[in-house]
Amino acid sequence: MSSTGSRGTSVKSNVASPQSVSSVISLNVGGHIYSTVLGTLRKYPNSKLAEMFSGQSRSNLDLKGRYFIDRDGTHFRHVLEFLRGREPPHHLAEEVYQEALYYGIEPLAKLLEDSPKLFGELVGRRQFLARVPNYQENIEVMVRVARAEAVASRHSTVMVCVVRNEEDAAKCHEAENGLDSNKESIVRFGPWKASPSISDLLYCIKLDIESKGYSTSYQPHEIGKGFLMRPCEFLYKFTFTWW
């Protein structure tokens, strides 16, 4: 098999034509080099990976004639190990899961979805957040407000109102009326119909903001004056630290 390079140079392939399932295949996955047999890559016929080597699709070759996949190949070895009969390491469940989704290997994806880490994320946390109206949109609003307040400042703050039900929403509205700041700048979360508490949602907000690379912390907003000041159970101040 041969391929023509960008300068018109004919490059001779050093791998066998993908005809027999026992053919040895050399792979270049984003610069990571792997070797396996065609039967391993085709183990799950309905997968995207099997389709890549079905003979129906046109394969890309690198300058040494290896089959080239334009994707970060750091965790591809765990995909291969699964196809060879080994389970992936638990501490890399999230990373390998993304590879399983990309290559369309459904049995690997399902196996990882049952791992403790991904089960908690997919079945627990994400299912909860799906019940919080406009959650992802509110996270983006918080980031935009924080960035707008960051000019010539080490910290910027975003006020957040978190309520579980309509009754709490009415109480929070009363607390908002006592604020000096513009109520339009307050980001509101809830109500929601699920068991997790306000503290659980606050943890999720912090986790998802920090997953975007930001450093943030939060504390209850205090209302009242002097020794009568007390934490408000609905209003929280998120502080973004820039440097």
# chains A, B, ... in the order shown; residues from 1 in each chain; ligands from 1
$ residues_around --residues "region 138-144 of chain A" --least-positions-apart "4" --cutoff "12 Å" --atoms "only C-alpha atoms" --output "ChimeraX atom specification"
/A:129,132-134,148-150,156-162,184-190,201-202,204-216,237-241
$ residues_around --residues "Tyr44 (chain A)" --least-positions-apart "2" --cutoff "10 Å" --atoms "only C-alpha atoms" --output "JSON, numbers by chain"
{"A": [39, 40, 41, 42, 46, 47, 48, 49, 50, 51, 83, 104, 105, 106, 107]}
$ select_by_dssp --residues "region 1-214 of chain A" --states "strand (DSSP E or B)" --output "ChimeraX atom specification"
/A:2-4,10-12,24-29,32-37,61,67-69,155-162,187-189
$ select_by_dssp --residues "region 8-165 of chain A" --states "helix (DSSP H, G or I)" --output "PyMOL selection string"
chain A and resi 38-41+48-52+76-83+90-102+106-113+116-129+135-148
$ atom_distance --atom1 "CA of Ile25 (chain A)" --atom2 "CA of Gly85 (chain A)"
18.2 Å
$ residues_around --residues "Glu113 (chain A)" --least-positions-apart "3" --cutoff "10 Å" --atoms "only C-alpha atoms" --output "PyMOL selection string"
chain A and resi 93-94+97+107-110+116-123
$ atom_distance --atom1 "CA of Val37 (chain A)" --atom2 "CA of Val21 (chain A)"
6.7 Å
$ residues_around --residues "Arg84 (chain A)" --least-positions-apart "2" --cutoff "10 Å" --atoms "only C-alpha atoms" --output "list in words"
Thr36, Thr40, Leu41, Lys43, His78, Val79, Leu80, Glu81, Phe82, Arg86 and Glu87 of chain A
$ write_last_selection --atoms "C-alpha atoms" --output "short mmCIF file (atom, residue, chain, number, x, y, z; two decimals), in the first residue's frame"
data_model
loop_
_atom_site.label_atom_id
_atom_site.label_comp_id
_atom_site.auth_asym_id
_atom_site.auth_seq_id
_atom_site.Cartn_x
_atom_site.Cartn_y
_atom_site.Cartn_z
CA THR A 36 -2.28 -4.53 17.22
CA THR A 40 -8.83 -6.40 17.74
CA LEU A 41 -9.80 -3.12 16.12
CA LYS A 43 -13.99 -6.55 17.77
CA HIS A 78 -6.59 1.64 27.52
CA VAL A 79 -9.07 1.29 24.66
CA LEU A 80 -6.81 -1.35 23.11
CA GLU A 81 -6.40 -3.12 26.44
CA PHE A 82 -10.18 -3.31 26.79
CA ARG A 86 -8.66 -6.01 30.21
CA GLU A 87 -10.64 -3.45 32.16
#
$ closest_residue --among "A:His90, A:Arg131, A:Arg125, A:Lys64" --to "Leu112 (chain A)" --atoms "only C-alpha atoms"
A:His90
$ closest_residue --among "A:Pro45, A:Arg66, A:Glu233, A:Ala146" --to "Val24 (chain A)" --atoms "only C-alpha atoms"
A:Arg66
$ atom_distance --atom1 "CA of Tyr67 (chain A)" --atom2 "CA of Glu95 (chain A)"
22.7 Å
$ closest_residue --among "A:Leu92, A:Gln219, A:Cys172, A:Ala130" --to "Trp192 (chain A)" --atoms "only C-alpha atoms"
A:Ala130
$ closest_residue --among "A:Arg230, A:His75, A:Arg154, A:His173" --to "Trp242 (chain A)" --atoms "only C-alpha atoms"
A:Arg154
